[in-house]
Every structure is written in C-alpha cells, then in structure tokens.
>>> print(open('protein.cif').read())   # mmCIF, C-alpha atoms
data_input
#
loop_
_atom_site.label_atom_id
_atom_site.label_comp_id
_atom_site.auth_asym_id
_atom_site.auth_seq_id
_atom_site.Cartn_x
_atom_site.Cartn_y
_atom_site.Cartn_z
CA MET A 11 -79.30 31.73 35.74
CA LYS A 12 -82.44 31.33 33.69
CA THR A 13 -82.98 33.49 30.67
CA ARG A 14 -85.86 35.96 30.81
CA THR A 15 -88.21 37.33 28.25
CA PRO A 16 -87.57 41.05 27.66
CA GLU A 17 -90.75 41.90 29.59
CA ALA A 18 -89.73 39.75 32.55
CA ALA A 19 -86.22 41.22 32.55
CA HIS A 20 -87.68 44.71 32.48
CA LEU A 21 -89.97 43.94 35.41
CA GLU A 22 -87.03 42.53 37.37
CA GLN A 23 -84.85 45.55 36.68
CA ASP A 24 -87.65 47.85 37.67
CA TYR A 25 -88.23 45.99 40.94
CA LEU A 26 -84.53 45.99 41.84
CA ALA A 27 -84.22 49.68 40.96
CA ARG A 28 -87.16 50.52 43.22
CA LEU A 29 -85.69 48.42 45.99
CA ARG A 30 -82.31 50.10 45.55
CA ALA A 31 -84.02 53.47 45.81
CA MET A 32 -85.81 52.39 48.99
CA LEU A 33 -82.51 51.29 50.49
CA GLY A 34 -80.81 54.52 49.46
CA GLY A 35 -80.47 55.83 53.00
CA ARG A 36 -78.36 52.89 54.13
CA PRO A 37 -74.63 52.36 53.86
CA ALA A 38 -73.73 51.13 50.38
CA ALA A 39 -72.47 47.72 51.55
CA GLU A 40 -75.60 47.06 53.56
CA ALA A 41 -77.87 48.02 50.69
CA GLU A 42 -75.86 45.87 48.30
CA ALA A 43 -75.99 42.89 50.65
CA ILE A 44 -79.79 43.12 50.81
CA LEU A 45 -80.03 43.51 47.04
CA GLN A 46 -77.81 40.46 46.56
CA ASP A 47 -80.02 38.45 48.91
CA VAL A 48 -83.08 39.48 46.91
CA ARG A 49 -81.35 38.60 43.63
CA ASP A 50 -80.53 35.16 45.07
CA HIS A 51 -84.13 34.84 46.18
CA ILE A 52 -85.39 35.61 42.69
CA GLU A 53 -83.05 33.01 41.17
CA SER A 54 -84.08 30.40 43.72
CA ALA A 55 -87.76 31.09 43.16
CA LEU A 56 -87.40 30.92 39.38
CA GLY A 57 -85.26 27.81 39.63
CA GLU A 58 -87.99 26.10 41.60
CA SER A 59 -90.87 26.57 39.26
CA ALA A 60 -90.51 28.74 36.19
CA ALA A 61 -89.94 27.42 32.70
CA GLU A 62 -87.25 28.94 30.54
CA PRO A 63 -87.25 31.64 29.31
CA VAL A 64 -88.96 33.11 32.35
CA SER A 65 -92.22 34.74 31.37
CA LEU A 66 -93.61 38.02 32.63
CA THR A 67 -96.31 36.11 34.52
CA ALA A 68 -93.78 33.89 36.32
CA MET A 69 -91.64 36.87 37.23
CA ALA A 70 -94.65 38.81 38.47
CA ALA A 71 -95.62 35.86 40.67
CA VAL A 72 -92.18 35.94 42.30
CA PHE A 73 -92.47 39.64 43.03
CA GLU A 74 -95.99 39.25 44.34
CA ARG A 75 -94.67 36.84 46.96
CA LEU A 76 -91.68 39.06 47.69
CA GLY A 77 -93.95 42.01 48.33
CA PRO A 78 -93.41 45.60 47.22
CA PRO A 79 -89.94 47.09 47.87
CA GLU A 80 -91.56 49.66 50.16
CA THR A 81 -92.62 46.82 52.49
CA CYS A 82 -89.01 45.71 52.96
CA ALA A 83 -87.94 49.14 54.14
CA ALA A 84 -90.98 49.50 56.39
CA ALA A 85 -90.27 46.15 58.06
CA GLU A 86 -86.72 47.11 58.86
CA GLU A 87 -87.67 50.56 60.10
CA SER A 88 -90.03 48.87 62.55
CA ALA A 89 -87.26 46.56 63.72
CA ARG A 90 -84.79 49.43 64.06
CA ALA A 91 -87.21 51.30 66.28
CA ARG A 92 -86.83 48.62 68.95
CA PRO A 93 -84.08 48.81 71.58
CA PRO A 94 -80.69 47.74 70.26
CA SER A 95 -79.60 44.18 70.80
CA PRO A 96 -76.91 43.50 73.40
CA ALA A 97 -74.48 42.30 70.77
CA PRO A 98 -71.63 44.70 69.98
CA PRO A 99 -72.45 47.00 67.11
CA VAL A 100 -70.44 47.45 63.96
CA PRO A 101 -68.54 49.63 63.20
CA ALA A 102 -66.16 50.22 66.05
CA ALA A 103 -66.15 53.59 67.72
CA GLY A 104 -64.15 56.27 65.98
CA VAL A 105 -64.54 54.83 62.52
CA ALA A 106 -66.73 56.51 59.98
CA SER A 107 -69.96 54.60 59.67
CA ALA A 108 -70.34 55.32 55.98
CA VAL A 109 -69.12 52.38 54.00
CA ASP A 110 -67.46 53.12 50.74
CA GLY A 111 -65.09 51.38 48.42
CA GLU A 112 -62.23 53.65 49.42
CA ALA A 113 -62.43 52.70 53.09
CA TRP A 114 -62.41 49.01 52.25
CA ALA A 115 -59.66 49.50 49.71
CA GLY A 116 -57.60 50.88 52.59
CA VAL A 117 -58.21 47.72 54.63
CA ILE A 118 -57.23 45.54 51.68
CA ASP A 119 -54.17 47.68 51.15
CA ARG A 120 -53.01 46.98 54.71
CA LEU A 121 -53.67 43.27 54.20
CA TRP A 122 -51.60 43.37 51.02
CA TRP A 123 -48.60 44.70 52.92
CA ALA A 124 -49.12 42.12 55.65
CA PHE A 125 -48.98 39.34 53.10
CA LEU A 126 -45.96 40.87 51.43
CA VAL A 127 -44.08 40.58 54.73
CA THR A 128 -45.23 36.98 55.18
CA THR A 129 -44.49 35.98 51.59
CA ILE A 130 -40.99 37.44 51.61
CA GLY A 131 -40.11 35.87 54.92
CA LEU A 132 -41.83 32.53 54.69
CA TYR A 133 -39.40 30.87 52.36
CA VAL A 134 -36.16 32.69 53.08
CA PRO A 135 -33.95 30.25 54.95
CA VAL A 136 -31.70 32.95 56.39
CA ILE A 137 -34.54 34.78 58.05
CA GLU A 138 -36.23 32.69 60.71
CA PHE A 139 -39.53 31.86 59.06
CA ALA A 140 -41.56 32.32 62.21
CA PHE A 141 -40.38 35.90 62.58
CA CYS A 142 -41.88 37.05 59.29
CA ASP A 143 -44.97 34.92 59.78
CA ILE A 144 -45.60 36.46 63.18
CA ALA A 145 -44.94 39.95 61.84
CA GLY A 146 -47.26 39.32 58.88
CA ILE A 147 -50.09 38.00 61.03
CA ALA A 148 -49.65 40.88 63.48
CA LEU A 149 -50.06 43.25 60.53
CA VAL A 150 -53.18 41.33 59.45
CA LEU A 151 -54.62 41.77 62.94
CA ALA A 152 -53.80 45.47 62.81
CA ALA A 153 -55.48 45.73 59.40
CA VAL A 154 -58.78 44.31 60.66
CA ARG A 155 -58.70 45.85 64.14
CA ARG A 156 -61.06 48.62 63.12
CA LEU A 157 -63.34 47.93 60.24
CA PRO A 158 -65.89 50.02 58.37
CA ALA A 159 -69.52 49.00 58.81
CA GLY A 160 -70.81 45.98 56.98
CA ALA A 161 -67.70 43.91 57.55
CA PRO A 162 -67.81 40.37 56.11
CA ASP A 163 -68.03 37.59 58.68
CA ASP A 164 -64.54 36.41 57.78
CA TYR A 165 -63.04 39.72 58.95
CA ARG A 166 -65.15 39.89 62.09
CA THR A 167 -63.98 36.47 63.20
CA LEU A 168 -60.39 36.79 62.04
CA ALA A 169 -58.74 38.15 65.19
CA PRO A 170 -58.90 35.06 67.45
CA HIS A 171 -57.53 32.87 64.68
CA GLY A 172 -54.65 35.29 64.15
CA VAL A 173 -53.86 35.24 67.85
CA ILE A 174 -53.91 31.43 67.89
CA ALA A 175 -51.55 31.34 64.90
CA ILE A 176 -49.11 33.72 66.60
CA VAL A 177 -49.17 31.75 69.87
CA LEU A 178 -48.52 28.49 68.02
CA LEU A 179 -45.68 30.06 66.04
CA LEU A 180 -44.17 31.44 69.23
CA LEU A 181 -44.32 27.96 70.76
CA THR A 182 -42.66 26.21 67.85
CA SER A 183 -39.10 27.53 68.12
CA PRO A 184 -38.71 27.05 71.91
CA LEU A 185 -40.10 23.54 71.56
CA ILE A 186 -37.55 22.71 68.88
CA ALA A 187 -34.73 24.12 71.06
CA LEU A 188 -35.93 22.33 74.16
CA SER A 189 -36.33 19.03 72.31
CA HIS A 190 -32.51 18.89 72.04
CA ILE A 191 -32.39 18.85 75.83
CA ALA A 192 -35.49 16.75 76.42
CA PRO A 193 -35.97 14.47 73.39
CA LEU A 194 -39.52 13.60 74.42
CA LEU A 195 -40.53 17.17 73.64
CA ALA A 196 -39.80 16.38 69.99
CA LEU A 197 -43.13 14.55 70.01
CA ALA A 198 -44.87 17.86 70.60
CA VAL A 199 -42.97 19.75 67.91
CA VAL A 200 -44.72 18.17 64.93
CA PRO A 201 -48.34 18.72 66.06
CA VAL A 202 -47.60 22.27 67.20
CA ALA A 203 -45.83 23.10 63.94
CA VAL A 204 -48.62 21.53 61.89
CA ALA A 205 -51.23 23.43 63.91
CA ALA A 206 -49.31 26.70 63.41
CA PHE A 207 -49.20 26.02 59.68
CA ALA A 208 -52.92 25.20 59.64
CA TRP A 209 -53.85 28.36 61.50
CA GLU A 210 -51.74 30.46 59.20
CA LEU A 211 -53.73 29.03 56.31
CA ILE A 212 -56.97 29.77 58.17
CA VAL A 213 -55.90 33.40 58.54
CA TYR A 214 -55.09 33.54 54.85
CA ALA A 215 -58.36 31.83 53.94
CA LYS A 216 -60.37 34.32 55.97
CA CYS A 217 -58.52 37.30 54.51
CA MET A 218 -59.30 36.16 50.99
CA GLY A 219 -62.84 35.08 51.88
CA GLY A 220 -63.55 38.51 53.31
CA ALA A 221 -62.15 40.16 50.19
CA ALA A 222 -64.37 37.96 48.00
CA ALA A 223 -67.42 38.80 50.11
CA LEU A 224 -66.69 42.52 49.72
CA LEU A 225 -66.60 42.06 45.96
CA GLU A 226 -69.84 40.10 45.94
CA GLY A 227 -71.48 42.85 47.90
CA ARG A 228 -70.57 45.22 45.11
CA GLY A 229 -71.80 43.05 42.28
CA ARG A 230 -68.36 41.74 41.27
CA ALA A 231 -69.22 38.05 41.57
CA ASP A 232 -66.82 37.22 38.72
CA LEU A 233 -63.80 38.63 40.52
CA ALA A 234 -64.99 37.11 43.82
CA ARG A 235 -64.96 33.67 42.19
CA SER A 236 -61.46 34.33 40.93
CA VAL A 237 -60.30 35.27 44.44
CA ARG A 238 -61.81 32.10 45.88
CA THR A 239 -60.17 30.02 43.18
CA SER A 240 -56.82 31.63 43.98
CA ARG A 241 -57.40 30.83 47.63
CA ALA A 242 -58.06 27.17 46.90
CA ILE A 243 -54.98 26.90 44.68
CA TYR A 244 -52.77 28.62 47.25
CA ILE A 245 -53.92 26.44 50.15
CA GLY A 246 -53.62 23.27 48.09
CA SER A 247 -50.19 24.29 46.84
CA CYS A 248 -48.89 25.20 50.30
CA ILE A 249 -50.00 21.86 51.66
CA GLY A 250 -48.59 20.05 48.63
CA VAL A 251 -45.20 21.76 48.77
CA THR A 252 -44.88 21.20 52.52
CA VAL A 253 -45.83 17.54 52.27
CA PHE A 254 -43.37 17.15 49.40
CA MET A 255 -40.57 18.72 51.40
CA ILE A 256 -41.28 16.64 54.49
CA GLY A 257 -41.42 13.53 52.31
CA VAL A 258 -38.06 14.24 50.71
CA VAL A 259 -36.46 14.94 54.08
CA LEU A 260 -37.82 11.67 55.43
CA VAL A 261 -36.58 9.75 52.41
CA VAL A 262 -33.13 11.31 52.74
CA ALA A 263 -33.08 10.49 56.44
CA LEU A 264 -34.11 6.88 55.76
CA VAL A 265 -31.49 6.26 53.10
CA THR A 266 -28.74 7.87 55.15
CA PRO A 267 -26.75 5.40 57.27
CA ALA A 268 -27.68 5.63 60.93
CA GLY A 269 -24.22 6.73 62.00
CA ARG A 270 -24.29 9.75 59.71
CA ARG A 271 -27.78 11.04 60.58
CA GLU A 272 -26.63 13.25 63.41
CA GLY A 273 -26.60 16.86 62.37
CA ILE A 274 -28.00 16.32 58.90
CA ASP A 275 -29.92 19.36 57.81
CA TRP A 276 -28.57 19.97 54.33
CA PRO A 277 -31.60 18.51 52.53
CA THR A 278 -33.81 21.00 54.30
CA GLU A 279 -31.48 23.86 53.49
CA ILE A 280 -31.13 22.87 49.85
CA LEU A 281 -34.85 22.32 49.45
CA SER A 282 -35.60 25.60 51.14
CA ALA A 283 -33.28 27.42 48.81
CA CYS A 284 -33.96 25.57 45.55
CA VAL A 285 -37.61 24.56 45.87
CA MET A 286 -39.39 26.40 48.61
CA LEU A 287 -37.93 29.83 47.91
CA PRO A 288 -39.04 30.28 44.28
CA ILE A 289 -42.21 28.26 44.64
CA GLY A 290 -43.18 30.06 47.81
CA TRP A 291 -42.62 33.47 46.30
CA VAL A 292 -44.49 32.61 43.13
CA LEU A 293 -47.40 31.19 45.13
CA GLY A 294 -47.48 34.21 47.39
CA ALA A 295 -47.23 36.66 44.52
CA PHE A 296 -49.85 35.01 42.34
CA PHE A 297 -52.35 33.76 44.88
CA ALA A 298 -52.14 36.28 47.70
CA LEU A 299 -50.66 39.59 46.55
CA ARG A 300 -52.06 39.66 43.02
CA PRO A 301 -55.70 38.88 43.93
CA LEU A 302 -55.58 41.28 46.86
CA GLY A 303 -54.27 43.96 44.50
CA GLN A 304 -57.14 43.26 42.12
CA VAL A 305 -59.64 43.49 44.96
CA ARG A 306 -58.15 46.79 46.06
CA ALA A 307 -58.41 48.19 42.53
CA ALA A 308 -62.00 46.95 42.15
CA LEU A 309 -63.01 48.56 45.44
CA ARG A 310 -61.45 51.84 44.39
CA GLU A 311 -63.33 51.64 41.09
CA THR A 312 -66.53 51.16 43.07
CA ALA A 313 -65.71 54.18 45.17
CA ALA A 314 -65.01 56.26 42.09
CA ALA A 315 -68.26 55.11 40.48
CA MET B 8 -106.37 48.33 54.47
CA THR B 9 -108.57 48.34 57.56
CA ASP B 10 -107.27 49.45 60.95
CA ALA B 11 -107.19 45.84 62.12
CA GLU B 12 -105.23 44.75 59.04
CA ASN B 13 -102.83 47.61 59.49
CA TRP B 14 -102.32 46.66 63.13
CA LEU B 15 -101.75 43.03 62.15
CA ALA B 16 -99.16 44.03 59.54
CA GLN B 17 -97.27 46.11 62.08
CA MET B 18 -97.38 43.32 64.64
CA ARG B 19 -96.01 40.84 62.12
CA ARG B 20 -93.12 43.15 61.36
CA GLY B 21 -92.39 43.53 65.05
CA THR B 22 -92.31 39.82 65.64
CA LEU B 23 -90.48 38.87 62.47
CA GLU B 24 -87.09 39.05 64.15
CA LEU B 25 -88.26 36.62 66.83
CA ALA B 26 -89.64 34.27 64.16
CA ILE B 27 -86.38 34.37 62.18
CA LEU B 28 -84.26 33.57 65.23
CA ASN B 29 -86.50 30.65 66.12
CA VAL B 30 -86.53 29.21 62.60
CA LEU B 31 -82.73 29.42 62.45
CA ALA B 32 -82.48 27.78 65.88
CA ARG B 33 -83.76 24.57 64.34
CA GLU B 34 -81.32 24.49 61.46
CA PRO B 35 -79.29 26.81 59.22
CA ARG B 36 -81.25 27.96 56.19
CA HIS B 37 -80.66 29.98 53.08
CA GLY B 38 -82.59 33.20 52.70
CA TYR B 39 -85.09 31.82 50.21
CA GLY B 40 -85.97 28.82 52.37
CA LEU B 41 -86.30 31.03 55.42
CA ALA B 42 -88.52 33.53 53.61
CA ARG B 43 -90.75 30.74 52.27
CA ARG B 44 -91.00 29.13 55.68
CA LEU B 45 -92.09 32.37 57.32
CA ALA B 46 -94.37 33.40 54.49
CA GLY B 47 -96.15 30.06 54.67
CA GLY B 48 -96.84 30.09 58.40
CA PRO B 49 -100.47 30.64 59.40
CA GLY B 50 -100.83 34.18 60.71
CA LEU B 51 -97.22 34.95 59.86
CA ALA B 52 -97.89 35.63 56.19
CA ILE B 53 -95.44 38.31 55.10
CA GLY B 54 -93.96 39.64 51.94
CA GLU B 55 -90.95 37.37 51.53
CA GLY B 56 -88.72 40.36 50.81
CA THR B 57 -89.20 41.76 54.32
CA VAL B 58 -86.92 39.04 55.65
CA TYR B 59 -83.73 40.27 54.01
CA PRO B 60 -83.18 43.69 55.60
CA ILE B 61 -83.81 42.09 58.99
CA LEU B 62 -81.42 39.25 58.22
CA ASN B 63 -78.80 41.83 57.30
CA ARG B 64 -79.26 43.72 60.55
CA LEU B 65 -79.17 40.53 62.63
CA ARG B 66 -75.91 39.68 60.92
CA GLU B 67 -74.52 43.14 61.59
CA ASN B 68 -75.41 42.65 65.25
CA ARG B 69 -73.75 39.21 65.18
CA LEU B 70 -76.90 37.39 66.19
CA ILE B 71 -76.66 35.30 63.04
CA SER B 72 -73.81 34.47 60.71
CA SER B 73 -73.78 33.61 57.04
CA ARG B 74 -71.65 31.61 54.69
CA LEU B 75 -71.85 30.87 50.98
CA VAL B 76 -72.73 27.31 50.11
CA ALA B 77 -72.44 25.87 46.63
CA SER B 78 -75.76 25.03 45.02
CA THR B 79 -76.47 22.48 42.33
CA GLU B 80 -79.28 24.69 41.02
CA GLY B 81 -77.23 27.79 40.32
CA PRO B 82 -74.85 30.22 41.98
CA ALA B 83 -73.68 29.72 45.55
CA ARG B 84 -76.32 30.64 48.11
CA ARG B 85 -75.90 32.40 51.42
CA VAL B 86 -76.84 30.17 54.32
CA TYR B 87 -77.70 31.77 57.65
CA SER B 88 -77.23 30.22 61.07
CA LEU B 89 -77.70 31.33 64.65
CA THR B 90 -74.66 32.47 66.67
CA ALA B 91 -74.24 31.91 70.40
CA ALA B 92 -75.25 35.55 70.97
CA GLY B 93 -78.29 34.96 68.75
CA GLU B 94 -79.27 31.91 70.76
CA ARG B 95 -79.11 33.93 74.00
CA GLN B 96 -81.16 36.69 72.36
CA ARG B 97 -83.71 34.16 71.10
CA ARG B 98 -84.22 32.66 74.55
CA ASP B 99 -84.56 36.08 76.13
CA MET B 100 -87.06 37.20 73.48
CA ASN B 101 -89.01 33.95 73.75
CA GLU B 102 -89.39 34.44 77.50
CA ARG B 103 -90.54 38.01 77.04
CA TRP B 104 -92.91 36.99 74.29
CA ALA B 105 -94.41 34.24 76.46
CA ALA B 106 -94.97 36.70 79.31
CA LEU B 107 -96.49 39.27 76.96
CA ALA B 108 -98.74 36.70 75.29
CA GLU B 109 -99.92 35.38 78.65
CA SER B 110 -100.73 38.87 79.92
CA LEU B 111 -102.55 39.79 76.73
CA ASP B 112 -104.43 36.54 76.73
CA ARG B 113 -105.51 37.12 80.31
CA VAL B 114 -106.80 40.60 79.46
CA ILE B 115 -108.67 39.23 76.46
CA ARG B 116 -110.20 36.43 78.52
CA GLU B 117 -111.24 38.90 81.22
CA ALA B 118 -112.90 41.10 78.62
CA ALA B 119 -114.69 38.13 77.15
CA GLY B 120 -115.79 37.03 80.62
CA ALA B 121 -117.16 40.48 81.44
CA ARG B 122 -119.24 40.52 78.31
CA PRO B 123 -120.33 36.98 77.57
CA GLY B 124 -120.86 36.23 73.95
CA ASP B 125 -118.50 38.96 72.71
CA GLU B 126 -115.52 36.82 72.11
CA ARG B 127 -114.21 33.60 73.46
#
>>> encode(input="protein.cif", output="structure tokens")
Amino acid sequence: MKTRTPEAAHLEQDYLARLRAMLGGRPAAEAEAILQDVRDHIESALGESAAEPVSLTAMAAVFERLGPPETCAAAEESARARPPSPAPPVPAAGVASAVDGEAWAGVIDRLWWAFLVTTIGLYVPVIEFAFCDIAGIALVLAAVRRLPAGAPDDYRTLAPHGVIAIVLLLLTSPLIALSHIAPLLALAVVPVAVAAFAWELIVYAKCMGGAAALLEGRGRADLARSVRTSRAIYIGSCIGVTVFMIGVVLVVALVTPAGRREGIDWPTEILSACVMLPIGWVLGAFFALRPLGQVRAALRETAAA
Amino acid sequence: MTDAENWLAQMRRGTLELAILNVLAREPRHGYGLARRLAGGPGLAIGEGTVYPILNRLRENRLISSRLVASTEGPARRVYSLTAAGERQRRDMNERWAALAESLDRVIREAAGARPGDER
C-alpha cells in the first residue's frame, strides 16, 4: 500500500465515507464488499501510475475516473429495476435478509461444533474414523444449509463437495470389508480412501475460506490472512502426517518376513495412538477450532459495533 | 447535462450488466481491469466505480464468481469469472440485445429514409 500525503488521505477518506453513506440502504456485507472492491481499485490505480507518497492530484485523478459515489448507487438502482435474473436468489426463503455479524457468527458457531466432532473422532482409533468424519461433514452441511445474504462463494458451493465427501467415506469401509472376499477390490480401496481424504480437506478449505472472506468483508484483512495461513498449515500438516503414517506402515510391512505379514495391523494401531492422536488433536485445535473461534468473536464484535 | 446526455447515461447503465458479462466471457478479470476495460470502450465510457455494485449483484445472483488471487503489486485481488448460469444469461441477453438493436436500427433507417438528409 502506497503512502499518501495528508491531503490525499483526507480526500480518500472523504470519498469512501460518501460512498459508504450512499450504500447505507444495503445489507452491511454487500456494502462492505463493494467498498472493499473500490479500495482495491484505488490501490491498483495508484500502483499503476502514482509516485510515492501519493499526491492530492494523483488521488483526485483516480476518483475522477471512478466517478462520484452517487453514480455508483444510481447505476445499481437502474440495474435493480430490471426483471430479476433466473438464477436463484440469496438468501434462502425464511431467513432474515439483513446481514449482520451476529447471524454469521451463528453460522461459524455451528461450523465450530462440526469441526469439534470431526477433530475428536478423526484420530481416535477406537471410534471408527469415518463415523465422526461423516457426522462432522453432515453438521457442516447443516450449518451452511441456510445462509444469510451475501454468503461467500466458498459457502455457496460447499454443499456438493460435502455430499461427495460423505459418499466417498461411506464407500471406503464396505470396500475394505469386501476386499477380504475379493482381493481385486483392494485396488479400489486406496483411490477411494485418498479421494475421501481429499474431499474432506476441500470441505475444510472452503469452510475456512468462507470465514476469511467474511472477515475481509468487514475490514478484518489481518485476521483473514491469519485464517488462510492456518488453513494452509492444517492442510499441509494433514497430508504430511498421513504420508508419514503410510510410509511407516509400508516400511514395517517390507521389513516383516512374508510369512508373518498376515494380520499385521499393530503399526497402524500404535501410530494411531502415539502419533496421529495427539498430532491430530493439536492440528484440529490450533488450525480449525481456534481460528473459527476467533472468526466468531470478530463477527460478534462487528455486530456489537 | 442535456436531455440527450442524460438519456445516454441511463442507457449505459442499463447495458453495463451485458457489457460486464461479455467482457468476463473472454477471460476472468479483476475488478480494476474490468472497470478500465469498460471505461475505455468507445461509447461505453462510464465512471469506473459503477462497475462494482453491479459486480456484487451479479455475484449474489451467481452469474459470476470471484476468488482472491495473490498480486505481486500489493494485496490479493478479487478476480471475477463467468459461471455457467452467467454464460446462459449472457447468451440470452445478447440475443435480446441483437433483436432490439436491429429493430431500433430499422426504425432509425426508416425515419432517415422518410426525411432525406436528416440523418443517415
């Protein structure tokens, strides 16, 4: 971000304040999204041409091209006057159209509980992992079934990915059982299990991406970056831990004499208990539950403000 | 602003949605690039800021989608692209626009033919 002279900064603040006032009749998230777009536009325009610090003249030139804030509102009013597009509107029927931090905090709250279920179950060997995963994803789907207006794209497109993840998880266990009867089916187990794992991560990625987008829409870009960083660490760690575990199991299987391989599952059990359990819980707590809790608190602060 | 200028401004606003969908049909663009492209078009000249509320509504209606893309010049920028529903809407609007333009053009030509020298 380029530094501004005091006069240029004042002009910018004045323009954004006028634009905010013009957008006052819209839902808060919608108005904030438009304001964020305009802020990005200003930065892009200044980045293209203006020297640093940005002078009043350079800033005025940007706003001259943008046009007065009143023009923005007038353009949209004209567009709104036309018949509605055939695409399904947001929000869903029965949900209050007014977007506020509290409504979104409620959505994030439900996602938090969904991830708690998944995190607890994912690395507990006693509980069948797929059970808690399926329950967690089902709760995620329930959390985003009805959304307030101005939903981030990640939440709008989350449902089909959640369904795919559940279907793949439901397929995994029967395939493993059937592979004992028909060994050729074992060939299908690995890709299905990997796909289930991948789609679970997609669901997680979208949940966190949506949370970050909500924060950005409310001017909390710093916290949004933190959420995205957590997401990257969590996904990388999950892949790393899983690859590590598979690698160790393979090594153990290779060094075990062929006659003693039948029925060996203790490395998996030990690794699940000693490695996956604490690592999985720590990862889940720090990179799913904690950031979602921070998002929830930030949204509630926004609502209170 | 004269009556003709006022009419032109209103017409531009009305057709801006069509222009946005068609620009995005070629390739995804960030808001700034889209606004500059539309502002620079002959006859399309608009205040660049008018693009953003319409982009937001198109996104709400799922005709376009957006994603944040890292930028070397500063913070991540939102890049917009057309959805399948947006593509269907674009084609439908293009057909309607072509029919409207043809009808209007015919009326204008007829008027010019009735009064030679007025306008051609």
>>> interface_residues(input="protein.cif", of="chain B", to="chain A", cutoff="7 Å", atoms="all atoms listed in the file", output="VMD selection string")
chain B and resid 20 to 21 38 to 39 54 to 57 59 to 61 63 67 to 69 72 80 to 81 84 92
>>> atom_distance(input="protein.cif", atom1="atom CA of Gln304 of chain A", atom2="atom CA of Trp123 of chain A")
13.8 Å
>>> residues_near_point(input="protein.cif", point="(-56.9, 46.6, 63.2)", cutoff="12 Å", atoms="all atoms listed in the file", output="compact mmCIF listing (two decimals) with C-alpha atoms, in the frame of the given file")
# COMPACT_ATOMS: atom_id res chain seq x y z
CA ALA A 102 -66.16 50.22 66.05
CA VAL A 105 -64.54 54.83 62.52
CA GLY A 116 -57.60 50.88 52.59
CA VAL A 117 -58.21 47.72 54.63
CA ILE A 118 -57.23 45.54 51.68
CA ARG A 120 -53.01 46.98 54.71
CA LEU A 121 -53.67 43.27 54.20
CA ALA A 124 -49.12 42.12 55.65
CA ILE A 147 -50.09 38.00 61.03
CA ALA A 148 -49.65 40.88 63.48
CA LEU A 149 -50.06 43.25 60.53
CA VAL A 150 -53.18 41.33 59.45
CA LEU A 151 -54.62 41.77 62.94
CA ALA A 152 -53.80 45.47 62.81
CA ALA A 153 -55.48 45.73 59.40
CA VAL A 154 -58.78 44.31 60.66
CA ARG A 155 -58.70 45.85 64.14
CA ARG A 156 -61.06 48.62 63.12
CA LEU A 157 -63.34 47.93 60.24
CA PRO A 158 -65.89 50.02 58.37
CA TYR A 165 -63.04 39.72 58.95
CA ARG A 166 -65.15 39.89 62.09
CA LEU A 168 -60.39 36.79 62.04
CA ALA A 169 -58.74 38.15 65.19
CA GLY A 172 -54.65 35.29 64.15
>>> resolve_selection(input="protein.cif", expression="the PyMOL selection byres ((chain A and resi 180-195) around 10)", output="PDB file with C-alpha atoms, keeping the file's coordinate frame")
ATOM      1  CA  GLU A 138     -36.230  32.690  60.710  1.00  0.00           C
ATOM      2  CA  ALA A 140     -41.560  32.320  62.210  1.00  0.00           C
ATOM      3  CA  PHE A 141     -40.380  35.900  62.580  1.00  0.00           C
ATOM      4  CA  ILE A 144     -45.600  36.460  63.180  1.00  0.00           C
ATOM      5  CA  ILE A 174     -53.910  31.430  67.890  1.00  0.00           C
ATOM      6  CA  ALA A 175     -51.550  31.340  64.900  1.00  0.00           C
ATOM      7  CA  ILE A 176     -49.110  33.720  66.600  1.00  0.00           C
ATOM      8  CA  VAL A 177     -49.170  31.750  69.870  1.00  0.00           C
ATOM      9  CA  LEU A 178     -48.520  28.490  68.020  1.00  0.00           C
ATOM     10  CA  LEU A 179     -45.680  30.060  66.040  1.00  0.00           C
ATOM     11  CA  ALA A 196     -39.800  16.380  69.990  1.00  0.00           C
ATOM     12  CA  LEU A 197     -43.130  14.550  70.010  1.00  0.00           C
ATOM     13  CA  ALA A 198     -44.870  17.860  70.600  1.00  0.00           C
ATOM     14  CA  VAL A 199     -42.970  19.750  67.910  1.00  0.00           C
ATOM     15  CA  VAL A 200     -44.720  18.170  64.930  1.00  0.00           C
ATOM     16  CA  PRO A 201     -48.340  18.720  66.060  1.00  0.00           C
ATOM     17  CA  VAL A 202     -47.600  22.270  67.200  1.00  0.00           C
ATOM     18  CA  ALA A 203     -45.830  23.100  63.940  1.00  0.00           C
ATOM     19  CA  VAL A 204     -48.620  21.530  61.890  1.00  0.00           C
ATOM     20  CA  ALA A 205     -51.230  23.430  63.910  1.00  0.00           C
ATOM     21  CA  ALA A 206     -49.310  26.700  63.410  1.00  0.00           C
TER      22      ALA A 206
END
>>> atom_distance(input="protein.cif", atom1="atom CA of Tyr214 of chain A", atom2="atom CA of Ala77 of chain B")
20.7 Å
>>> atom_distance(input="protein.cif", atom1="atom CA of Ala307 of chain A", atom2="atom CA of Leu75 of chain B")
23.5 Å
>>> residues_around(input="protein.cif", residues="segment 94-110 of chain B", least_positions_apart="4", cutoff="8 Å", atoms="all atoms listed in the file", output="ChimeraX atom specification")
/A:95 /B:25,28-29,32,70,89-90,114
>>> closest_residue(input="protein.cif", among="B:Gly47, B:Leu15, B:Glu34, B:Glu24", to="Val86 of chain B", atoms="only C-alpha atoms")
B:Glu34
>>> resolve_selection(input="protein.cif", expression="the PyMOL selection byres ((chain B and resi 87) around 6)", output="PyMOL selection string")
chain B and resi 35-37+72-73+86+88
>>> write_last_selection(input="protein.cif", atoms="C-alpha atoms", output="PDB file, in the frame of the given file")
ATOM      1  CA  PRO B  35     -79.290  26.810  59.220  1.00  0.00           C
ATOM      2  CA  ARG B  36     -81.250  27.960  56.190  1.00  0.00           C
ATOM      3  CA  HIS B  37     -80.660  29.980  53.080  1.00  0.00           C
ATOM      4  CA  SER B  72     -73.810  34.470  60.710  1.00  0.00           C
ATOM      5  CA  SER B  73     -73.780  33.610  57.040  1.00  0.00           C
ATOM      6  CA  VAL B  86     -76.840  30.170  54.320  1.00  0.00           C
ATOM      7  CA  SER B  88     -77.230  30.220  61.070  1.00  0.00           C
TER       8      SER B  88
END
>>> closest_residue(input="protein.cif", among="A:Ala308, A:Glu210, A:Ile289, A:Cys217", to="Arg241 of chain A", atoms="all atoms listed in the file")
A:Cys217
>>> resolve_selection(input="protein.cif", expression="the PyMOL selection byres ((chain A and resi 293) around 9)", output="list in words")
Thr129, Ile243, Tyr244, Ser247, Cys248, Pro288, Ile289, Gly290, Trp291, Val292, Gly294, Ala295, Phe296, Phe297 and Ala298 of chain A
>>> closest_residue(input="protein.cif", among="A:Leu126, A:Ala38, A:Leu56, A:Ala27", to="Arg14 of chain A", atoms="all atoms listed in the file")
A:Leu56
